[in-house]
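What's in structure.cif: mmCIF, C-alpha atoms
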```cif
data_start
loop_
_atom_site.label_atom_id
_atom_site.label_comp_id
_atom_site.auth_asym_id
_atom_site.auth_seq_id
_atom_site.Cartn_x
_atom_site.Cartn_y
_atom_site.Cartn_z
CA MET A 8 -8.85 1.14 33.31
CA ALA A 9 -8.28 2.98 30.01
CA ASP A 10 -8.58 1.19 26.70
CA ALA A 11 -5.55 -0.34 25.04
CA ILE A 12 -4.29 0.47 21.55
CA ALA A 13 -2.95 -2.42 19.48
CA LEU A 14 -0.82 -2.26 16.36
CA ILE A 15 -1.35 -5.45 14.36
CA ASP A 16 1.24 -5.95 11.64
CA ALA A 17 1.65 -8.81 9.16
CA ASN A 18 5.28 -9.95 9.04
CA ASN A 19 7.07 -9.84 5.66
CA PHE A 20 3.64 -9.41 4.10
CA TYR A 21 4.29 -9.98 0.38
CA ALA A 22 6.58 -12.94 1.01
CA SER A 23 4.18 -14.35 3.63
CA CYS A 24 1.29 -14.18 1.13
CA GLU A 25 3.35 -16.19 -1.35
CA GLN A 26 4.12 -18.80 1.33
CA ALA A 27 0.51 -18.95 2.49
CA LEU A 28 -0.72 -19.83 -1.03
CA ASP A 29 2.11 -22.26 -1.79
CA PRO A 30 2.92 -24.58 1.14
CA ALA A 31 6.02 -25.79 -0.70
CA LEU A 32 7.60 -22.42 0.13
CA LEU A 33 7.20 -22.76 3.90
CA GLY A 34 10.60 -22.80 5.60
CA ARG A 35 12.36 -21.73 2.38
CA PRO A 36 13.90 -18.30 1.69
CA VAL A 37 11.58 -16.20 -0.48
CA VAL A 38 12.00 -12.71 -1.95
CA VAL A 39 9.47 -10.61 -3.85
CA LEU A 40 10.56 -8.14 -6.53
CA SER A 41 9.22 -4.69 -7.39
CA ASN A 42 7.65 -3.60 -10.70
CA ASN A 43 9.40 -4.98 -13.77
CA ASP A 44 11.25 -7.41 -11.49
CA GLY A 45 13.56 -4.61 -10.45
CA CYS A 46 14.45 -4.64 -6.74
CA VAL A 47 13.80 -6.72 -3.64
CA VAL A 48 10.79 -5.30 -1.79
CA SER A 49 9.94 -8.15 0.58
CA ARG A 50 11.91 -10.95 2.22
CA SER A 51 10.83 -13.93 4.25
CA SER A 52 12.52 -14.44 7.61
CA GLU A 53 14.66 -17.18 6.03
CA ALA A 54 15.84 -14.75 3.33
CA ARG A 55 16.63 -12.12 5.96
CA GLN A 56 18.87 -14.60 7.77
CA LEU A 57 20.88 -15.00 4.56
CA GLY A 58 21.69 -11.28 4.66
CA ILE A 59 19.72 -10.32 1.55
CA ALA A 60 19.30 -6.54 1.65
CA MET A 61 16.01 -4.73 1.06
CA GLY A 62 15.91 -2.65 -2.12
CA LYS A 63 18.83 -4.47 -3.75
CA PRO A 64 18.54 -4.60 -7.58
CA TYR A 65 17.76 -8.14 -8.67
CA PHE A 66 20.32 -8.27 -11.48
CA GLN A 67 23.10 -7.57 -8.95
CA ILE A 68 22.22 -10.47 -6.64
CA ALA A 69 20.62 -13.00 -9.03
CA SER A 70 23.59 -15.36 -8.81
CA GLN A 71 23.69 -15.06 -5.00
CA LEU A 72 19.98 -15.88 -4.74
CA ALA A 73 20.38 -18.90 -7.02
CA ARG A 74 23.38 -20.13 -5.05
CA HIS A 75 21.36 -20.10 -1.80
CA GLY A 76 18.24 -21.62 -3.38
CA VAL A 77 16.13 -18.51 -2.78
CA VAL A 78 12.67 -18.58 -4.38
CA VAL A 79 12.07 -15.39 -6.38
CA ARG A 80 8.56 -14.07 -7.07
CA SER A 81 7.24 -11.09 -9.04
CA SER A 82 4.86 -8.72 -7.24
CA ASN A 83 1.34 -10.16 -7.34
CA TYR A 84 -0.74 -7.11 -6.33
CA ALA A 85 -4.09 -8.82 -6.88
CA LEU A 86 -3.13 -11.50 -4.37
CA TYR A 87 -1.70 -9.09 -1.81
CA GLY A 88 -4.69 -6.74 -1.99
CA ASP A 89 -7.15 -9.57 -1.50
CA MET A 90 -5.18 -11.10 1.38
CA SER A 91 -5.04 -7.66 3.02
CA GLN A 92 -8.83 -7.33 2.85
CA ARG A 93 -9.23 -10.81 4.34
CA LEU A 94 -6.82 -9.97 7.14
CA MET A 95 -8.58 -6.72 8.08
CA SER A 96 -12.01 -8.37 7.92
CA SER A 97 -10.84 -11.15 10.24
CA LEU A 98 -9.66 -8.60 12.84
CA GLU A 99 -12.88 -6.56 13.06
CA PRO A 100 -14.91 -8.99 15.25
CA TYR A 101 -12.23 -8.99 17.97
CA VAL A 102 -11.73 -5.25 18.51
CA THR A 103 -13.86 -2.23 19.39
CA GLU A 104 -12.45 0.03 16.65
CA LEU A 105 -10.16 -0.68 13.71
CA GLU A 106 -8.09 1.72 11.62
CA VAL A 107 -6.54 0.22 8.49
CA TYR A 108 -3.23 2.04 8.42
CA SER A 109 -1.61 0.32 5.42
CA ILE A 110 -1.90 -2.84 3.35
CA ASP A 111 -0.37 -4.89 6.20
CA GLU A 112 -0.92 -2.76 9.33
CA ALA A 113 -3.92 -1.79 11.44
CA PHE A 114 -4.43 0.06 14.71
CA ALA A 115 -7.16 -1.27 16.98
CA ARG A 116 -8.81 -0.19 20.21
CA LEU A 117 -10.03 -2.70 22.79
CA PRO A 118 -10.91 -2.63 26.49
CA ARG A 119 -8.16 -3.64 28.88
CA PRO A 120 -9.29 -6.24 31.47
CA ARG A 121 -8.90 -5.71 35.18
CA HIS A 122 -5.79 -7.86 35.40
CA SER A 123 -4.30 -5.55 32.71
CA ASP A 124 -2.73 -8.40 30.70
CA LEU A 125 -3.76 -8.78 27.03
CA ASN A 126 -1.12 -11.33 26.08
CA ARG A 127 -3.59 -14.22 26.08
CA TRP A 128 -6.00 -12.31 23.81
CA ALA A 129 -3.20 -11.32 21.43
CA SER A 130 -1.72 -14.83 21.28
CA ALA A 131 -5.15 -16.31 20.51
CA LEU A 132 -5.75 -13.75 17.74
CA ARG A 133 -2.30 -14.41 16.30
CA SER A 134 -2.97 -18.17 16.23
CA ARG A 135 -6.40 -17.66 14.66
CA VAL A 136 -5.03 -15.51 11.82
CA ARG A 137 -2.22 -17.98 11.18
CA HIS A 138 -4.68 -20.88 11.07
CA ASN A 139 -7.28 -19.15 8.86
CA LEU A 140 -5.05 -17.17 6.47
CA GLY A 141 -1.59 -18.66 6.88
CA LEU A 142 -0.17 -15.21 7.72
CA PRO A 143 2.19 -14.56 10.66
CA ILE A 144 1.36 -11.34 12.52
CA ALA A 145 2.94 -9.37 15.36
CA ILE A 146 0.86 -7.47 17.92
CA GLY A 147 2.09 -4.56 20.03
CA LEU A 148 -0.14 -3.24 22.82
CA ALA A 149 0.15 0.04 24.70
CA PRO A 150 -1.92 3.01 25.95
CA SER A 151 -1.21 5.11 22.81
CA LYS A 152 -0.49 4.74 19.10
CA VAL A 153 3.17 5.78 19.33
CA LEU A 154 3.84 3.35 22.16
CA ALA A 155 1.90 0.59 20.35
CA LYS A 156 4.20 1.09 17.36
CA LEU A 157 7.20 0.72 19.67
CA ALA A 158 5.69 -2.37 21.31
CA ASN A 159 5.08 -3.94 17.91
CA HIS A 160 8.74 -3.46 17.03
CA VAL A 161 9.75 -5.23 20.25
CA ALA A 162 7.31 -8.08 19.52
CA LYS A 163 8.94 -8.69 16.12
CA ALA A 164 12.56 -8.07 17.08
CA ASP A 165 12.72 -10.30 20.17
CA SER A 166 11.78 -13.94 19.56
CA HIS A 167 11.32 -14.36 23.33
CA HIS A 168 7.99 -12.49 23.05
CA ALA A 169 6.65 -14.83 20.32
CA GLY A 170 5.17 -12.00 18.26
CA VAL A 171 3.25 -10.37 21.15
CA PHE A 172 4.30 -7.61 23.53
CA ASP A 173 2.07 -5.63 25.91
CA LEU A 174 3.95 -2.49 26.91
CA GLY A 175 0.93 -1.34 28.94
CA ALA A 176 1.26 -4.33 31.25
CA THR A 177 4.89 -3.61 32.17
CA ALA A 178 5.66 -2.01 35.53
CA ASP A 179 7.84 0.65 33.90
CA PRO A 180 8.12 1.24 30.12
CA THR A 181 11.24 3.39 30.54
CA PRO A 182 13.81 0.66 29.73
CA TRP A 183 12.09 -0.06 26.43
CA LEU A 184 12.05 3.63 25.53
CA GLU A 185 15.75 3.92 26.35
CA GLN A 186 16.50 1.10 23.89
CA THR A 187 14.65 2.90 21.07
CA PRO A 188 16.75 5.43 19.07
CA VAL A 189 14.96 8.72 18.53
CA GLU A 190 15.07 8.12 14.75
CA GLU A 191 12.90 5.01 15.17
CA VAL A 192 10.09 6.75 17.07
CA TRP A 193 6.95 6.79 14.92
CA GLY A 194 6.32 10.38 13.82
CA VAL A 195 9.92 11.59 14.13
CA GLY A 196 11.23 12.57 10.72
CA ARG A 197 14.73 13.26 9.51
CA GLN A 198 14.77 16.96 10.43
CA LEU A 199 13.33 16.47 13.91
CA SER A 200 15.66 13.55 14.68
CA ARG A 201 18.68 15.64 13.64
CA TRP A 202 17.44 18.52 15.79
CA CYS A 203 17.09 16.13 18.74
CA ARG A 204 20.54 14.63 18.26
CA LEU A 205 22.13 18.09 18.24
CA ARG A 206 20.56 18.68 21.67
CA GLY A 207 21.61 15.35 23.13
CA ILE A 208 18.19 13.71 22.72
CA ALA A 209 19.22 10.25 21.54
CA ASN A 210 16.35 7.94 22.48
CA ALA A 211 12.60 7.83 23.05
CA ARG A 212 12.91 8.21 26.82
CA GLN A 213 14.87 11.45 26.51
CA LEU A 214 12.33 12.77 24.00
CA ARG A 215 9.53 11.90 26.42
CA ASP A 216 11.17 13.73 29.31
CA MET A 217 12.56 16.82 27.56
CA ALA A 218 11.10 20.30 28.17
CA SER A 219 7.80 20.49 26.30
CA GLY A 220 8.21 24.22 25.63
CA GLU A 221 11.40 23.64 23.68
CA LEU A 222 9.78 20.84 21.66
CA ARG A 223 6.70 23.01 20.97
CA ALA A 224 8.93 25.80 19.64
CA LYS A 225 10.45 23.36 17.14
CA ALA A 226 7.57 21.08 16.14
CA GLY A 227 4.45 22.90 17.37
CA VAL A 228 1.38 21.05 18.53
CA VAL A 229 2.42 17.95 16.56
CA GLY A 230 5.58 17.63 18.65
CA VAL A 231 3.71 18.08 21.92
CA ARG A 232 1.20 15.39 20.93
CA LEU A 233 4.07 13.06 20.11
CA GLN A 234 5.58 13.66 23.53
CA LEU A 235 2.25 13.07 25.29
CA GLU A 236 1.85 9.82 23.34
CA LEU A 237 5.26 8.70 24.61
CA GLN A 238 4.04 9.51 28.13
CA GLY A 239 1.12 7.14 27.65
CA LEU A 240 -1.62 9.69 26.92
CA SER A 241 -3.61 8.85 23.80
CA CYS A 242 -3.77 11.98 21.63
CA LEU A 243 -4.07 10.45 18.14
CA PRO A 244 -7.57 9.11 17.50
CA LEU A 245 -8.27 6.05 15.41
CA GLU A 246 -9.55 6.90 11.94
CA GLU A 247 -12.07 4.21 11.07
CA ALA A 248 -12.97 5.90 7.75
CA PRO A 249 -9.98 6.94 5.62
CA ALA A 250 -9.83 10.57 4.55
CA ALA A 251 -11.07 11.28 1.03
CA LYS A 252 -8.25 11.35 -1.49
CA ARG A 253 -7.41 14.63 -3.19
CA GLU A 254 -5.65 13.03 -6.17
CA THR A 255 -5.35 9.58 -7.71
CA CYS A 256 -2.31 8.62 -9.77
CA VAL A 257 -1.45 5.54 -11.83
CA SER A 258 1.98 5.37 -13.43
CA ARG A 259 4.40 2.62 -14.43
CA SER A 260 7.83 2.23 -15.94
CA PHE A 261 7.73 0.17 -19.13
CA SER A 262 9.39 -3.22 -19.34
CA GLN A 263 11.16 -1.88 -22.44
CA PRO A 264 11.31 1.63 -23.95
CA ILE A 265 8.59 2.56 -26.44
CA SER A 266 9.05 4.85 -29.42
CA THR A 267 5.72 4.94 -31.27
CA GLU A 268 2.63 7.03 -30.62
CA THR A 269 0.42 3.93 -30.79
CA GLU A 270 2.31 2.31 -27.92
CA LEU A 271 2.15 5.49 -25.86
CA ARG A 272 -1.61 5.72 -26.46
CA GLN A 273 -2.06 2.12 -25.34
CA ALA A 274 -0.03 2.73 -22.18
CA VAL A 275 -1.97 5.87 -21.28
CA ALA A 276 -5.26 4.09 -21.97
CA SER A 277 -4.29 1.21 -19.67
CA TYR A 278 -3.46 3.62 -16.85
CA VAL A 279 -6.70 5.56 -17.35
CA VAL A 280 -8.72 2.33 -17.07
CA ARG A 281 -6.94 1.47 -13.81
CA ALA A 282 -7.37 5.01 -12.43
CA ALA A 283 -11.08 5.03 -13.28
CA GLU A 284 -11.54 1.75 -11.40
CA LYS A 285 -9.84 3.30 -8.38
CA LEU A 286 -12.10 6.35 -8.56
CA ARG A 287 -15.26 4.26 -8.57
CA ARG A 288 -13.99 2.15 -5.68
CA GLN A 289 -13.26 5.35 -3.73
CA GLY A 290 -16.72 6.76 -4.55
CA GLN A 291 -15.27 9.84 -6.28
CA ARG A 292 -15.31 11.70 -9.60
CA ALA A 293 -12.49 13.68 -11.23
CA GLY A 294 -12.78 17.20 -12.61
CA ARG A 295 -9.32 17.38 -14.19
CA ILE A 296 -6.99 14.84 -15.79
CA THR A 297 -3.24 15.15 -16.33
CA VAL A 298 -1.16 12.85 -18.54
CA PHE A 299 2.63 12.73 -18.40
CA ALA A 300 5.43 10.82 -20.10
CA ARG A 301 9.22 10.83 -19.91
CA THR A 302 12.32 9.11 -21.18
CA SER A 303 14.91 7.54 -18.90
CA PRO A 304 16.78 10.13 -16.80
CA PHE A 305 19.91 7.99 -17.25
CA ALA A 306 19.85 8.17 -21.06
CA PRO A 307 21.13 11.15 -23.09
CA GLY A 308 18.58 13.69 -24.29
CA PHE A 309 16.21 13.41 -21.32
CA TYR A 310 12.66 14.50 -22.19
CA SER A 311 9.67 14.94 -19.89
CA GLN A 312 6.30 16.52 -20.62
CA ALA A 313 2.81 16.73 -19.12
CA ALA A 314 -0.55 18.04 -20.30
CA SER A 315 -3.86 18.63 -18.52
CA THR A 316 -7.48 19.17 -19.40
CA VAL A 317 -10.58 20.11 -17.41
CA LEU A 318 -13.62 17.86 -17.85
CA PRO A 319 -16.92 19.58 -18.72
CA LEU A 320 -18.56 17.47 -16.01
CA ALA A 321 -16.73 15.62 -13.24
CA SER A 322 -16.73 11.91 -14.06
CA ASN A 323 -15.47 8.44 -13.16
CA ASP A 324 -16.73 6.94 -16.43
CA THR A 325 -13.82 5.13 -18.11
CA ALA A 326 -15.00 6.12 -21.60
CA VAL A 327 -15.16 9.81 -20.69
CA LEU A 328 -11.72 9.77 -19.07
CA LEU A 329 -10.23 7.83 -22.00
CA GLN A 330 -11.55 10.33 -24.51
CA ALA A 331 -10.10 13.25 -22.56
CA ALA A 332 -6.73 11.63 -21.89
CA LEU A 333 -6.06 10.29 -25.38
CA ARG A 334 -6.56 13.76 -26.86
CA LEU A 335 -3.49 14.84 -24.88
CA VAL A 336 -1.14 12.12 -26.12
CA PRO A 337 -0.17 13.70 -29.50
CA GLY A 338 1.09 16.76 -27.63
CA LEU A 339 3.34 14.61 -25.45
CA PHE A 340 4.73 12.34 -28.14
CA ARG A 341 8.04 13.18 -29.81
CA PRO A 342 9.49 11.11 -32.68
CA HIS A 343 12.80 9.38 -32.00
CA LYS A 344 12.29 9.61 -28.23
CA ARG A 345 12.39 6.33 -26.29
CA PHE A 346 9.81 6.70 -23.53
CA ALA A 347 10.53 4.84 -20.29
CA LYS A 348 7.52 5.84 -18.18
CA ALA A 349 4.06 7.36 -18.45
CA GLY A 350 1.22 8.04 -16.07
CA VAL A 351 -2.19 9.54 -15.42
CA LEU A 352 -3.13 11.89 -12.58
CA LEU A 353 -6.80 12.47 -11.72
CA GLN A 354 -7.36 15.75 -9.87
CA GLU A 355 -10.08 17.98 -8.44
CA LEU A 356 -11.77 14.92 -6.94
CA GLN A 357 -15.24 15.23 -5.47
CA PRO A 358 -17.70 12.84 -3.82
CA GLU A 359 -19.67 10.67 -6.22
CA GLN A 360 -22.97 11.73 -4.65
CA GLN A 361 -22.38 15.47 -5.23
CA LEU A 362 -22.33 15.75 -9.01
CA GLN A 363 -23.14 19.32 -10.07
CA HIS A 364 -24.95 19.35 -13.44
CA HIS A 365 -25.28 22.43 -15.65
CA LEU A 366 -27.27 23.49 -18.71
CA LEU A 367 -24.54 22.46 -21.15
CA ALA A 368 -23.93 19.05 -19.56
CA PRO A 369 -23.20 16.50 -22.31
CA LEU A 370 -25.29 13.75 -20.67
CA THR A 371 -28.87 13.61 -19.45
CA LEU A 372 -29.57 12.27 -15.98
CA GLU A 373 -31.07 9.12 -17.48
CA HIS A 374 -28.06 8.52 -19.70
CA GLN A 375 -25.76 9.20 -16.75
CA ALA A 376 -27.54 6.55 -14.68
CA ARG A 377 -27.20 4.00 -17.50
CA ARG A 378 -23.47 4.70 -17.82
CA GLU A 379 -22.99 4.28 -14.07
CA ALA A 380 -24.80 0.94 -14.18
CA LEU A 381 -22.57 -0.17 -17.07
CA MET A 382 -19.40 0.75 -15.14
CA GLN A 383 -20.66 -1.18 -12.11
CA ARG A 384 -21.32 -4.25 -14.25
CA ILE A 385 -17.85 -4.11 -15.83
CA ASP A 386 -16.20 -3.72 -12.41
CA GLY A 387 -18.23 -6.64 -11.08
CA LEU A 388 -17.17 -8.93 -13.92
CA ASN A 389 -13.51 -8.01 -13.50
CA ARG A 390 -13.69 -8.62 -9.76
CA ARG A 391 -15.35 -11.98 -10.19
CA TYR A 392 -13.35 -13.38 -13.09
CA GLY A 393 -10.08 -11.47 -12.74
CA ARG A 394 -8.80 -8.12 -13.94
CA GLY A 395 -8.81 -7.86 -17.71
CA CYS A 396 -11.80 -10.14 -18.17
CA VAL A 397 -13.54 -7.12 -19.73
CA GLN A 398 -10.94 -4.89 -21.32
CA TRP A 399 -11.05 -1.70 -23.38
CA GLY A 400 -9.82 -1.95 -26.96
CA ALA A 401 -7.66 1.18 -26.63
CA CYS A 402 -5.36 -0.73 -24.24
CA GLY A 403 -4.17 -3.16 -26.91
CA LEU A 404 -3.73 -6.91 -26.73
CA GLU A 405 -0.66 -8.21 -24.86
CA PRO A 406 1.51 -5.12 -25.50
CA ALA A 407 5.27 -5.65 -25.49
CA TRP A 408 5.81 -2.71 -23.11
CA ALA A 409 3.63 -4.20 -20.31
CA MET A 410 5.20 -4.55 -16.88
CA ARG A 411 7.63 -7.46 -16.73
CA ARG A 412 6.61 -10.09 -14.18
CA GLU A 413 8.38 -13.27 -15.25
CA ARG A 414 8.02 -14.97 -11.85
CA LEU A 415 4.39 -14.16 -11.14
CA SER A 416 2.53 -16.58 -8.89
CA ARG A 417 -1.13 -17.49 -9.39
CA ALA A 418 -3.91 -15.16 -8.23
CA ALA A 419 -5.42 -18.07 -6.35
CA THR A 420 -7.84 -15.98 -4.26
CA THR A 421 -9.25 -13.76 -7.01
CA ARG A 422 -9.34 -15.84 -10.19
CA PHE A 423 -11.21 -19.10 -10.72
CA SER A 424 -8.68 -20.40 -13.23
CA ASP A 425 -5.90 -20.03 -10.64
CA LEU A 426 -7.57 -21.99 -7.84
CA PRO A 427 -5.22 -24.58 -6.30
CA THR A 428 -5.83 -28.15 -7.36
CA ALA A 429 -5.50 -31.06 -4.92
CA TRP A 430 -5.03 -34.59 -6.27
CA ALA A 431 -6.05 -37.54 -4.11
CA ARG A 432 -5.34 -41.20 -4.81
#
```
Would you write the structure of this file as structure tokens?
Amino acid sequence: MADAIALIDANNFYASCEQALDPALLGRPVVVLSNNDGCVVSRSSEARQLGIAMGKPYFQIASQLARHGVVVRSSNYALYGDMSQRLMSSLEPYVTELEVYSIDEAFARLPRPRHSDLNRWASALRSRVRHNLGLPIAIGLAPSKVLAKLANHVAKADSHHAGVFDLGATADPTPWLEQTPVEEVWGVGRQLSRWCRLRGIANARQLRDMASGELRAKAGVVGVRLQLELQGLSCLPLEEAPAAKRETCVSRSFSQPISTETELRQAVASYVVRAAEKLRRQGQRAGRITVFARTSPFAPGFYSQAASTVLPLASNDTAVLLQAALRLVPGLFRPHKRFAKAGVLLQELQPEQQLQHHLLAPLTLEHQARREALMQRIDGLNRRYGRGCVQWGACGLEPAWAMRRERLSRAATTRFSDLPTAWAR
């Protein structure tokens, strides 16, 4: 029998990470806020039952959250990133192939046994992850990616399935497809769903059974593949190695507006340092760097500007990128403007192993190797002792504009000083 495709998804991931590291939060409503403690971006199941809406600005519902005893946390990206890596690593031994689709989702391929039922395997994996990491996951199984996505939704939406649903083991998947609106089919965007609705295609079953020629005329080969996936034919391969990025961007809104060139330089420097770390982790170098800054679009006199420069030699060296980026800041700065956001965009990315030198290259090969070793050592120290252990002076010390995270939990999995302490009598 053909292999099965599984979509493994961590439920309420950010909120679940907070509960996993703080047992006192188990069974309590928890919400996690976006950058600068702006909006709700994750809710525990208990918070969902209270009717707290996703994306709601915190200042609008602060009194409601307090009235219901909801625990509020700032986004702790170091914790979530580390828990995501632990989750994906724990899945690899139990599947044939694994595609990390997002921070909390992964597609997997595994052989389907003769009796065609994978519920026992999925339930055991779900229990193992909950025991080892404290994270609740849902597993949807089907012959294709699109159907696995649908099965995962059923596993989470219906408590009767206890977080596991094998669509491939059902006698007829048609009833489940009829219950799925066409807008909720993975791969169907706003334009295609509107086009379907205008033709009376309201659910996944009708999309599966419609004339393929008509769908091809609208959506091309992509639409036909989607239809075949709904029919149970696997057309979308698992991508075990993510595609190389073409650009890397780091940008943030400030916790409070800034109006001096020194503050803008510090902000840009901080984003360059973060972007350079990303580049090295991706195994890439940048040939061009763009810096941008803007005021609030809701304030009078809106101002936005960007500037770019081409590097003499593609690089992921933080010092090189800082030097290039900071030269652009004076051209962006305007007196009496209150900047609300800035960012750095690294472009013309190329593989780290394919550096093309030239006669006017500013660095010798030996010097280049020493700089690369220095960057590796700095990254290693920051990974081991926490981000910011080794910092660049251009970023400033505790700037007032830094992202507001007043309810930040401890980075208990990535920083020694934040390790939980247990007291025994």
| task | Find the residues near region 143-160 of chain A: any atom within 8 Å, counting all atoms listed in the file, skip ones fewer than 3 places away on the same chain, and give them as number ranges by chain. | result | A: 9-18, 23, 114, 125, 129, 133, 136-137, 163-164, 170-176, 187, 192-194, 233, 236-237, 239-243
| query | Which residue gives the smallest distance to Gln213 (chain A) among A:Ala409, A:Leu199, A:Val161, A:Val189, with only C-alpha atoms counted? | reply | A:Val189
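Closest approach to Val351 (chain A) from the set A:Asp44, A:Asp386, A:Asp425, A:Glu254 is made by A:Glu254, with distances taken over only C-alpha atoms.
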| Which residues fall under the PyMOL selection byres ((chain A and resi 200) around 12) in this file, as a PyMOL selection string? | chain A and resi 188-199+201-211+214+222+225-226+230
| field | Proximity to Arg50 (chain A) - best of A:Leu33, A:Leu235, A:Ala331, A:Val79, all atoms listed in the file | value | A:Val79
| message | List as a ChimeraX atom specification the residues having at least one atom at most 9 Å from position (13.5, 12.9, -28.7) as given in the file, counting all atoms listed in the file. | response | /A:302,308-310,340-346
Emit the selected residues as a PDB file, in the coordinates of the input, including C-alpha atoms.
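Once written, part.pdb looks like this:
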```pdb
ATOM      1  CA  THR A 302      12.320   9.110 -21.180  1.00  0.00           C
ATOM      2  CA  GLY A 308      18.580  13.690 -24.290  1.00  0.00           C
ATOM      3  CA  PHE A 309      16.210  13.410 -21.320  1.00  0.00           C
ATOM      4  CA  TYR A 310      12.660  14.500 -22.190  1.00  0.00           C
ATOM      5  CA  PHE A 340       4.730  12.340 -28.140  1.00  0.00           C
ATOM      6  CA  ARG A 341       8.040  13.180 -29.810  1.00  0.00           C
ATOM      7  CA  PRO A 342       9.490  11.110 -32.680  1.00  0.00           C
ATOM      8  CA  HIS A 343      12.800   9.380 -32.000  1.00  0.00           C
ATOM      9  CA  LYS A 344      12.290   9.610 -28.230  1.00  0.00           C
ATOM     10  CA  ARG A 345      12.390   6.330 -26.290  1.00  0.00           C
ATOM     11  CA  PHE A 346       9.810   6.700 -23.530  1.00  0.00           C
TER      12      PHE A 346
END
```
